[in-house]
>>> print(open('target-v9.txt').read())   # compact mmCIF, C-alpha atoms
# COMPACT_ATOMS: atom_id res chain seq x y z
CA MET A 1 70.88 127.32 50.94
CA LEU A 2 69.81 125.88 54.25
CA SER A 3 72.70 124.56 56.32
CA GLU A 4 70.52 121.98 58.07
CA SER A 5 67.46 119.98 57.20
CA ILE A 6 63.98 121.06 58.24
CA ALA A 7 63.66 117.75 60.10
CA ALA A 8 66.80 118.52 62.12
CA MET A 9 65.39 121.93 62.93
CA ILE A 10 62.18 120.31 64.17
CA SER A 11 64.22 118.00 66.41
CA ARG A 12 65.96 120.99 67.99
CA ILE A 13 62.61 122.69 68.54
CA LEU A 14 61.21 119.57 70.18
CA ILE A 15 64.13 119.53 72.59
CA VAL A 16 63.43 123.15 73.51
CA LEU A 17 59.72 122.47 73.95
CA ILE A 18 60.27 119.36 76.04
CA GLY A 19 62.81 121.20 78.15
CA PHE A 20 60.26 123.93 78.73
CA VAL A 21 57.66 121.37 79.77
CA GLY A 22 60.17 119.66 82.04
CA ALA A 23 60.96 122.95 83.75
CA LEU A 24 57.39 123.38 84.96
CA PRO A 25 56.80 122.80 88.68
CA ALA A 26 55.26 119.50 89.71
CA LEU A 27 51.47 119.71 89.57
CA ALA A 28 49.03 118.43 92.17
CA GLN A 29 47.68 116.02 89.59
CA GLN A 30 49.88 113.53 87.80
CA TRP A 31 48.94 114.66 84.33
CA GLU A 32 47.90 117.71 82.33
CA PRO A 33 46.64 118.24 78.77
CA TYR A 34 49.32 119.45 76.36
CA SER A 35 49.06 121.51 73.18
CA GLU A 36 52.39 122.26 71.53
CA LEU A 37 51.75 125.89 70.63
CA GLY A 38 49.03 126.61 73.18
CA ASP A 39 46.33 127.31 70.58
CA LEU A 40 45.95 124.89 67.70
CA TYR A 41 47.30 126.35 64.45
CA PRO A 42 45.93 124.40 61.45
CA ALA A 43 48.79 125.53 59.17
CA TYR A 44 51.44 124.30 61.61
CA THR A 45 49.52 121.07 62.23
CA ILE A 46 49.50 120.38 58.48
CA ALA A 47 53.15 121.41 58.11
CA VAL A 48 54.53 119.00 60.73
CA ALA A 49 52.15 116.06 60.19
CA ASN A 50 54.42 114.19 57.76
CA LEU A 51 57.86 115.36 58.81
CA VAL A 52 60.54 112.79 58.25
CA PRO A 53 62.42 112.07 61.51
CA ASP A 54 66.13 112.84 61.46
CA ALA A 55 67.86 109.46 61.67
CA ASP A 56 70.91 110.98 63.34
CA GLU A 57 68.93 112.67 66.11
CA GLN A 58 68.81 110.75 69.39
CA LYS A 59 65.23 110.36 70.56
CA ASP A 60 64.42 112.02 73.87
CA LYS A 61 63.36 109.24 76.25
CA THR A 62 60.74 111.46 77.89
CA LEU A 63 58.91 111.87 74.57
CA LEU A 64 56.55 108.94 74.04
CA GLY A 65 54.44 108.49 70.95
CA ASP A 66 54.17 110.66 67.87
CA LEU A 67 57.31 112.75 67.23
CA ASN A 68 55.26 115.12 65.08
CA GLY A 69 52.22 115.32 67.37
CA VAL A 70 50.74 118.63 68.51
CA LEU A 71 48.31 117.35 71.17
CA GLY A 72 48.79 115.00 74.10
CA ILE A 73 49.44 115.06 77.82
CA THR A 74 52.29 115.54 80.27
CA PHE A 75 52.54 112.82 82.88
CA ILE A 76 54.60 112.27 86.04
CA PRO A 77 54.60 108.61 87.20
CA ALA A 78 54.35 107.91 90.92
CA HIS A 79 56.02 104.49 90.67
CA PRO A 80 58.35 102.73 88.22
CA ASP A 81 57.14 101.32 84.91
CA THR A 82 53.69 102.84 85.06
CA ARG A 83 51.43 101.65 82.26
CA VAL A 84 49.51 104.53 80.72
CA ARG A 85 46.75 104.55 78.15
CA VAL A 86 45.71 107.90 76.69
CA ASP A 87 42.51 108.39 74.69
CA ILE A 88 41.83 111.76 73.05
CA ARG A 89 38.57 112.74 71.38
CA SER A 90 37.62 115.84 69.41
CA ASP A 91 34.39 117.73 69.97
CA ASN A 92 31.67 116.21 67.82
CA GLY A 93 30.74 119.63 66.43
CA LEU A 94 34.08 120.61 64.91
CA GLN A 95 35.35 117.03 64.59
CA LEU A 96 38.99 117.80 63.84
CA PHE A 97 40.07 114.17 64.09
CA ASP A 98 38.90 110.66 64.88
CA ALA A 99 39.43 109.31 68.38
CA ALA A 100 43.10 108.53 69.06
CA ARG A 101 44.71 106.14 71.54
CA ILE A 102 48.21 105.28 72.72
CA ASP A 103 49.58 102.78 75.26
CA VAL A 104 52.99 103.51 76.78
CA VAL A 105 55.14 102.75 79.80
CA ALA A 106 56.54 105.65 81.84
CA SER A 107 59.57 104.17 83.56
CA THR A 108 61.10 106.76 85.86
CA VAL A 109 59.38 108.07 88.98
CA GLY A 110 59.10 111.85 89.17
CA LYS A 111 60.19 112.48 85.58
CA LYS A 112 57.83 114.48 83.38
CA TYR A 113 56.89 112.62 80.19
CA LEU A 114 55.29 114.07 77.11
CA ILE A 115 52.86 111.52 75.67
CA ARG A 116 51.33 112.12 72.24
CA PRO A 117 49.14 109.63 70.40
CA GLN A 118 49.19 109.66 66.64
CA ILE A 119 46.27 111.90 65.76
CA VAL A 120 45.05 111.83 62.18
CA PHE A 121 43.66 115.31 61.56
CA ASP A 122 41.28 115.92 58.69
CA PRO A 123 43.34 118.21 56.40
CA ASN A 124 40.23 119.37 54.56
CA ARG A 125 38.63 120.37 57.84
CA LEU A 126 41.76 122.19 58.99
CA ALA A 127 42.10 124.07 55.69
CA SER A 128 38.47 125.24 55.85
CA ILE A 129 38.81 127.02 59.22
CA VAL A 130 38.94 130.65 58.15
CA GLN A 131 38.32 132.29 61.51
CA PRO A 132 39.23 131.44 65.10
CA VAL A 133 36.89 128.99 66.77
CA THR A 134 36.67 127.31 70.16
CA THR A 135 36.45 123.55 70.36
CA TYR A 136 36.62 121.01 73.15
CA ILE A 137 38.98 118.07 73.56
CA THR A 138 38.24 115.16 75.91
CA TYR A 139 41.14 113.31 77.55
CA ILE A 140 40.67 109.88 79.13
CA LEU A 141 43.58 108.42 81.05
CA THR A 142 43.95 104.83 82.22
CA ILE A 143 46.81 104.26 84.69
CA ASP A 144 47.85 100.65 85.37
CA GLY A 145 44.40 99.48 84.28
CA HIS A 146 42.49 102.04 86.37
CA ARG A 147 40.43 104.45 84.29
CA GLN A 148 40.64 108.03 85.54
CA GLN A 149 37.93 110.64 85.48
CA PRO A 150 37.68 112.08 81.92
CA ARG A 151 38.63 115.71 81.45
CA THR A 152 37.25 118.00 78.77
CA GLU A 153 39.33 121.07 77.97
CA ARG A 154 38.65 124.13 75.86
CA LEU A 155 41.00 124.56 72.88
CA GLN A 156 41.27 127.69 70.76
CA VAL A 157 41.70 126.86 67.06
CA ARG A 158 43.22 129.59 64.92
CA SER A 159 42.46 130.44 61.30
CA ILE A 160 44.24 128.55 58.53
CA ASN A 161 45.63 131.97 57.54
CA ASP A 162 47.49 132.35 60.84
CA CYS A 163 51.05 131.20 60.18
CA PRO A 164 53.11 130.77 63.37
CA TYR A 165 56.75 131.58 62.68
CA ALA A 166 58.32 131.69 66.15
CA PHE A 167 57.56 131.00 69.77
CA VAL A 168 59.00 132.99 72.63
CA ASP A 169 59.81 131.47 76.01
CA GLU A 170 59.54 133.14 79.40
CA ASN A 171 63.08 134.50 78.97
CA GLU A 172 62.01 136.18 75.71
CA GLN A 173 64.18 133.81 73.68
CA ALA A 174 62.65 133.14 70.27
CA THR A 175 62.76 129.76 68.56
CA PRO A 176 61.94 129.99 64.83
CA ILE A 177 59.35 127.72 63.27
CA ASP A 178 59.29 129.68 60.02
CA PHE A 179 59.36 126.49 57.95
CA THR A 180 55.55 126.68 58.36
CA PHE A 181 55.53 129.21 55.51
CA ALA A 182 56.41 126.34 53.14
CA ALA A 183 52.93 124.88 53.68
CA TYR A 184 51.43 127.95 51.98
CA VAL A 185 53.39 127.22 48.80
CA ASN A 186 50.97 125.08 46.82
CA GLU A 187 52.26 124.03 43.42
CA ASP A 188 49.27 121.68 43.07
CA HIS A 189 46.61 124.37 43.41
CA PRO A 190 44.31 124.17 40.35
CA TRP A 191 44.45 127.95 39.82
CA ILE A 192 48.23 127.74 39.50
CA GLN A 193 47.98 125.54 36.42
CA ASP A 194 45.54 128.02 34.89
CA MET A 195 48.12 130.79 35.25
CA VAL A 196 50.87 128.62 33.75
CA GLU A 197 48.64 127.87 30.76
CA GLU A 198 47.89 131.60 30.42
CA ALA A 199 51.62 132.34 30.06
CA LEU A 200 51.83 129.76 27.26
CA ARG A 201 48.70 131.04 25.49
CA LYS A 202 50.11 134.57 25.50
CA LYS A 203 53.41 133.19 24.20
CA TYR A 204 55.42 134.81 26.97
CA VAL A 205 57.49 131.67 26.69
CA ASN A 206 57.30 128.77 24.25
CA THR A 207 57.56 126.07 26.90
CA PHE A 208 58.22 125.55 30.58
CA ASP A 209 61.05 123.06 30.88
CA GLY A 210 62.57 123.92 34.24
CA TYR A 211 66.32 123.43 34.18
CA GLN A 212 66.44 121.63 30.84
CA THR A 213 67.67 124.87 29.34
CA SER A 214 70.26 127.60 29.82
CA LYS A 215 70.41 130.11 32.67
CA LEU A 216 68.82 132.65 30.30
CA GLY A 217 66.07 130.12 29.66
CA VAL A 218 65.37 129.97 33.41
CA TYR A 219 65.15 133.76 33.55
CA ARG A 220 62.75 133.75 30.60
CA GLN A 221 60.45 131.28 32.36
CA VAL A 222 60.47 133.28 35.58
CA GLN A 223 59.76 136.48 33.67
CA ALA A 224 56.81 134.79 31.94
CA ILE A 225 55.35 133.95 35.36
CA TRP A 226 55.98 137.51 36.54
CA ARG A 227 54.15 138.92 33.50
CA VAL A 228 51.08 136.78 34.17
CA LEU A 229 50.93 138.07 37.74
CA GLN A 230 51.14 141.61 36.42
CA ASP A 231 48.45 140.89 33.82
CA ARG A 232 46.20 139.68 36.64
CA ASP A 233 46.78 143.14 38.19
CA ILE A 234 47.90 141.61 41.48
CA ARG A 235 49.21 144.52 43.49
CA TYR A 236 51.13 144.98 46.67
CA SER A 237 49.11 145.52 49.84
CA THR A 238 50.81 147.19 52.79
CA ILE A 239 48.66 145.26 55.27
CA ASP A 240 50.95 142.72 56.91
CA ASN A 241 48.70 141.63 59.82
CA VAL A 242 51.49 140.46 62.10
CA ALA A 243 49.74 139.25 65.21
CA PRO A 244 51.09 140.01 68.68
CA ALA A 245 52.48 137.06 70.59
CA ALA A 246 49.62 134.84 71.78
CA SER A 247 50.66 132.26 74.37
CA GLY A 248 54.23 133.01 73.37
CA VAL A 249 53.63 132.44 69.65
CA LEU A 250 54.35 135.00 66.91
CA SER A 251 52.18 134.62 63.82
CA GLN A 252 51.59 136.29 60.45
CA HIS A 253 48.36 136.39 58.45
CA VAL A 254 49.01 134.76 55.07
CA ARG A 255 46.49 134.65 52.25
CA LEU A 256 45.95 131.32 50.54
CA LEU A 257 46.67 131.40 46.82
CA ASP A 258 43.08 131.68 45.66
CA GLU A 259 42.57 134.60 48.06
CA SER A 260 45.53 136.52 46.64
CA ILE A 261 44.40 135.85 43.07
CA ARG A 262 40.74 136.62 43.79
CA ASP A 263 41.51 139.78 45.79
CA ALA A 264 44.20 140.88 43.28
CA GLN A 265 46.43 142.00 46.12
CA SER A 266 49.17 140.57 48.27
CA ASN A 267 51.59 141.66 50.94
CA CYS A 268 55.22 140.61 50.74
CA VAL A 269 54.53 137.17 52.20
CA ASP A 270 51.42 136.53 50.09
CA GLY A 271 53.27 137.52 46.94
CA ALA A 272 56.28 135.39 47.83
CA VAL A 273 54.29 132.18 48.40
CA LEU A 274 52.21 132.82 45.27
CA LEU A 275 55.27 133.33 43.08
CA ALA A 276 57.02 130.38 44.74
CA SER A 277 54.01 128.16 43.97
CA LEU A 278 54.14 129.10 40.29
CA LEU A 279 57.88 128.56 40.05
CA ARG A 280 57.64 125.20 41.76
CA ARG A 281 54.88 124.21 39.31
CA VAL A 282 57.11 124.82 36.28
CA GLY A 283 60.08 122.97 37.75
CA ILE A 284 62.10 125.89 39.13
CA ASN A 285 63.00 125.61 42.80
CA PRO A 286 61.99 128.63 44.90
CA ILE A 287 63.44 129.81 48.22
CA LEU A 288 61.56 132.00 50.69
CA VAL A 289 63.96 134.60 52.10
CA ILE A 290 62.67 135.66 55.52
CA LEU A 291 63.83 139.00 56.88
CA PRO A 292 62.64 141.03 59.88
CA GLY A 293 59.20 142.27 58.84
CA HIS A 294 59.69 141.31 55.20
CA MET A 295 59.99 138.43 52.73
CA ILE A 296 61.39 138.13 49.21
CA VAL A 297 61.60 135.07 47.00
CA GLY A 298 64.71 133.55 45.50
CA PHE A 299 65.03 130.84 42.88
CA ASP A 300 67.78 128.46 41.79
CA LEU A 301 69.29 129.23 38.41
CA ASP A 302 70.56 125.68 38.00
CA GLU A 303 69.42 122.23 39.01
CA GLU A 304 72.26 121.83 41.51
CA GLY A 305 71.28 125.02 43.35
CA GLU A 306 74.73 126.54 42.99
CA GLU A 307 73.47 129.99 41.92
CA GLN A 308 70.35 131.94 42.85
CA ALA A 309 68.51 135.11 41.87
CA TYR A 310 66.05 137.10 44.00
CA LEU A 311 62.81 138.98 43.33
CA GLU A 312 61.11 141.75 45.29
CA THR A 313 57.44 140.80 45.05
CA THR A 314 56.24 144.10 46.52
CA LEU A 315 57.06 145.59 43.11
CA LEU A 316 54.23 143.64 41.47
CA GLY A 317 51.97 146.12 39.71
CA VAL A 318 54.35 149.06 40.17
CA ASP A 319 54.66 151.39 37.17
CA THR A 320 58.26 151.13 35.97
CA ARG A 321 57.90 153.17 32.80
CA LYS A 322 60.16 155.85 34.24
CA ALA A 323 62.66 153.41 35.70
CA VAL A 324 66.20 153.84 34.46
CA ILE A 325 67.61 150.50 33.36
CA PRO A 326 71.40 150.67 33.02
CA ALA A 327 73.30 148.74 30.36
CA ASN A 328 71.88 145.49 31.67
CA ARG A 329 72.86 142.42 29.67
CA LEU A 330 69.91 140.41 30.93
CA TYR A 331 67.48 143.16 29.88
CA LYS A 332 68.92 143.13 26.38
CA SER A 333 68.71 139.34 26.23
CA LEU A 334 65.08 139.33 27.37
CA THR A 335 63.98 142.01 24.90
CA GLY A 336 66.18 140.87 22.01
CA ALA A 337 65.47 142.78 18.84
CA SER A 338 61.88 143.55 19.84
CA VAL A 339 60.76 147.16 19.47
CA SER A 340 57.45 146.44 21.22
CA GLN A 341 56.91 148.82 24.11
CA LYS A 342 54.92 146.11 25.90
CA VAL A 343 57.85 143.69 25.74
CA GLN A 344 60.30 146.37 26.85
CA LEU A 345 58.11 147.47 29.77
CA ALA A 346 57.65 143.84 30.89
CA ALA A 347 61.41 143.27 30.83
CA SER A 348 62.00 146.57 32.61
CA ALA A 349 59.58 145.68 35.43
CA PHE A 350 61.19 142.27 35.83
CA ILE A 351 64.73 143.69 35.93
CA VAL A 352 63.73 146.31 38.52
CA ALA A 353 62.26 143.56 40.76
CA LEU A 354 65.39 141.43 40.27
CA GLU A 355 67.79 144.25 41.09
CA SER A 356 65.79 145.25 44.16
CA GLY A 357 65.55 141.65 45.40
CA THR A 358 69.25 141.05 44.84
CA ALA A 359 70.18 144.24 46.69
CA THR A 360 67.95 143.27 49.62
CA PHE A 361 69.48 139.80 49.78
CA ASN A 362 73.04 141.10 49.59
CA ARG A 363 72.38 143.45 52.51
CA SER A 364 71.03 140.57 54.56
CA LYS A 365 73.14 137.54 53.58
CA THR A 366 75.60 137.88 56.47
CA SER A 367 72.74 137.93 58.98
CA ILE A 368 71.13 134.98 57.21
CA ARG A 369 74.38 133.00 57.31
CA ARG A 370 74.79 133.76 61.03
CA LYS A 371 71.13 132.81 61.67
CA LYS A 372 70.34 136.03 63.44
CA ASP A 373 66.83 136.38 64.84
CA GLY A 374 64.33 137.20 62.11
CA TYR A 375 66.51 135.94 59.23
CA ALA A 376 66.07 132.59 57.52
CA LEU A 377 65.93 130.74 54.22
CA VAL A 378 63.18 128.22 53.53
CA ASP A 379 64.18 126.14 50.54
CA ILE A 380 60.95 124.61 49.22
CA ALA A 381 62.70 121.54 47.76
CA VAL A 382 64.26 120.83 51.17
CA ALA A 383 60.91 121.41 52.87
CA ARG A 384 59.15 118.95 50.57
CA GLN A 385 61.88 116.36 51.12
CA ALA A 386 61.42 116.82 54.86
CA GLY A 387 57.70 116.07 54.52
CA ILE A 388 56.10 119.52 54.59
CA ILE A 389 53.16 119.33 52.20
CA PRO A 390 50.98 122.17 50.86
CA ILE A 391 47.78 123.28 52.55
CA MET A 392 45.10 121.70 50.40
CA TYR A 393 42.71 123.72 48.26
CA VAL A 394 39.19 123.34 49.62
CA GLY A 395 37.16 125.00 46.87
CA PRO A 396 35.81 128.34 45.70
CA HIS A 397 33.43 128.79 48.66
CA ARG A 398 36.27 130.50 50.51
>>> encode(input="target-v9.txt", output="C-alpha cells")
Amino acid sequence: MLSESIAAMISRILIVLIGFVGALPALAQQWEPYSELGDLYPAYTIAVANLVPDADEQKDKTLLGDLNGVLGITFIPAHPDTRVRVDIRSDNGLQLFDAARIDVVASTVGKKYLIRPQIVFDPNRLASIVQPVTTYITYILTIDGHRQQPRTERLQVRSINDCPYAFVDENEQATPIDFTFAAYVNEDHPWIQDMVEEALRKKYVNTFDGYQTSKLGVYRQVQAIWRVLQDRDIRYSTIDNVAPAASGVLSQHVRLLDESIRDAQSNCVDGAVLLASLLRRVGINPILVILPGHMIVGFDLDEEGEEQAYLETTLLGVDTRKAVIPANRLYKSLTGASVSQKVQLAASAFIVALESGTATFNRSKTSIRRKKDGYALVDIAVARQAGIIPIMYVGPHR
C-alpha cells in the first residue's frame, strides 16, 4: 500500500517546482507567465483540480492562490507589500476556461512569487482534446492599481491520452507524478456497467458484492470480470507509445476505456486501467503497480487491504490451453466439479495471469518499498480520497 497520501506527494512536488522556479535568474521584467508542466496536459489538469490539501503540510509563503493550479505567473516585487491583480483569459476559439482573477499582496522585495488564480477548466472540453493543439492565453497584470500592458502567450495543449508520469529537472533528477494514471480509471463510465451486466447475464458469477463475501468470493468476482474481457476479445498490443521528454516531462499514451473496448486491444497500461475500472465498479479496490516500462494491476482481497493479489493484463487473449497448471487450490475451487472445458480454460487463463502478476510483483516489491525510480503503487481508493476524479466520458464521437 502507499506509505504516504497522494496529497502529501503533491505537496512535495510543489516544493520541488517552486524551488525550480525560485532558482531561475532574475528577469528583466518583473513577471513571467507560468505553466506547471510547460505544455498543458488535460489529464494532469483534471487529476489535480480537486486535490485535498494536506493539513499537516506547511504552506510555502511564496505560493499565492490556488494550491492545485497549473497556470499563473511568477512575480518579483520591487518594493514591499506590492498589491498584484492577475487576470487570465483563454483563447476564445478553444475556450478552456472562463476568465479568472486573483488579488494578492507580494510582501518581500526581490523574492520570486508564484501566483495562481483559481481557474475553473471545462472538464468536458479537456476530455475532448484528442490531438495536440495550440491555444493562446492572455495575461493582464495590475500592480498597485496600475494596469500593465497585456501579454498573450502561445500554449501547447496535449492530447487527453498523454499521461505525464514524471518531470525531469536540469540535473536529470526525476520527480514522479504517476498518480495521474488514476484519472484514467473510470468506474463511472457507462460502458463499464454494460460489461458488469454481461458477466451477470452469462452467470460467470451470481452477484457482485465486493467484500461482503469470502476471499474465494473475491477471486470469483475478479475472474468473472476477466472472462468478460476475454469474451470481448480484448488483446494485448505491444505499442506502448512512451513519449520522449518534452519540456522535461515524461508521458505515456493511454487509451480511454471506450477506445480500448472499441479497438479490442490494449497495452499494459490500457489493460490495467480498464481492469481497475471494472474492479472499482463492483466494489473491489484496485492498485496500479507501476514498474519501469510496465504496469500490472493488483487488488485487495479484503476490505482492510491487508492482502493483495496481482494480475498480468498483457495475458488477456493469450491461448492458455497448453499451460500447465500445477496442483493449484484456487484453480480447483474456481472450477469445482465442473467438467466443462470452457470453465476449465477460463480458470486456467485466470490462474496463469495471477501467477505471472504475482511473480512480477514479488520481483519488484523491494524496489517499490524503497521508492526506486520507475517503481510505484497507485492505490485507487487513496487517489479518490485525495480528490483525483476520473476523466469524464464525452460520448461515442471519439
>>> closest_residue(input="target-v9.txt", among="A:Thr152, A:Asn171, A:Asn186, A:Ser90", to="A:Met392", atoms="only C-alpha atoms")
A:Asn186
>>> closest_residue(input="target-v9.txt", among="A:Val249, A:Ala99, A:Leu126, A:Ile119", to="A:Thr175", atoms="all atoms listed in the file")
A:Val249
>>> residues_around(input="target-v9.txt", residues="stretch 287-292 of chain A", least_positions_apart="5", cutoff="6 Å", atoms="all atoms listed in the file", output="NGL selection string")
:A and (297-299 or 374-380)
>>> closest_residue(input="target-v9.txt", among="A:Met295, A:Ile368, A:Ala182, A:Ala224", to="A:Ser277", atoms="only C-alpha atoms")
A:Ala182
>>> axis_aligned_box(input="target-v9.txt", around="stretch 35-45 of chain A", padding_each_side="3 Å", output="lines of an AutoDock Vina configuration file")
center_x = 49.2
center_y = 124.2
center_z = 66.2
size_x = 12.5
size_y = 12.2
size_z = 20.0
>>> closest_residue(input="target-v9.txt", among="A:His253, A:His189, A:Arg220, A:His79", to="A:Asn161", atoms="all atoms listed in the file")
A:His253
>>> atom_distance(input="target-v9.txt", atom1="atom CA of A:Ile225", atom2="atom CA of A:Gly271")
12.3 Å
>>> atom_distance(input="target-v9.txt", atom1="atom CA of A:Phe75", atom2="atom CA of A:Trp31")
4.3 Å
>>> atom_distance(input="target-v9.txt", atom1="atom CA of A:Ile160", atom2="atom CA of A:Arg232")
24.6 Å
>>> residues_around(input="target-v9.txt", residues="A:Phe350", least_positions_apart="3", cutoff="8 Å", atoms="only C-alpha atoms", output="PyMOL selection string")
chain A and resi 223+226+346-347+353-354
>>> residues_around(input="target-v9.txt", residues="A:Ile261", least_positions_apart="4", cutoff="9 Å", atoms="all atoms listed in the file", output="PDB file with C-alpha atoms, keeping the file's coordinate frame")
ATOM      1  CA  TRP A 191      44.450 127.950  39.820  1.00  0.00           C
ATOM      2  CA  LEU A 229      50.930 138.070  37.740  1.00  0.00           C
ATOM      3  CA  ARG A 232      46.200 139.680  36.640  1.00  0.00           C
ATOM      4  CA  ILE A 234      47.900 141.610  41.480  1.00  0.00           C
ATOM      5  CA  LEU A 256      45.950 131.320  50.540  1.00  0.00           C
ATOM      6  CA  LEU A 257      46.670 131.400  46.820  1.00  0.00           C
ATOM      7  CA  GLN A 265      46.430 142.000  46.120  1.00  0.00           C
ATOM      8  CA  SER A 266      49.170 140.570  48.270  1.00  0.00           C
ATOM      9  CA  LEU A 274      52.210 132.820  45.270  1.00  0.00           C
TER      10      LEU A 274
END
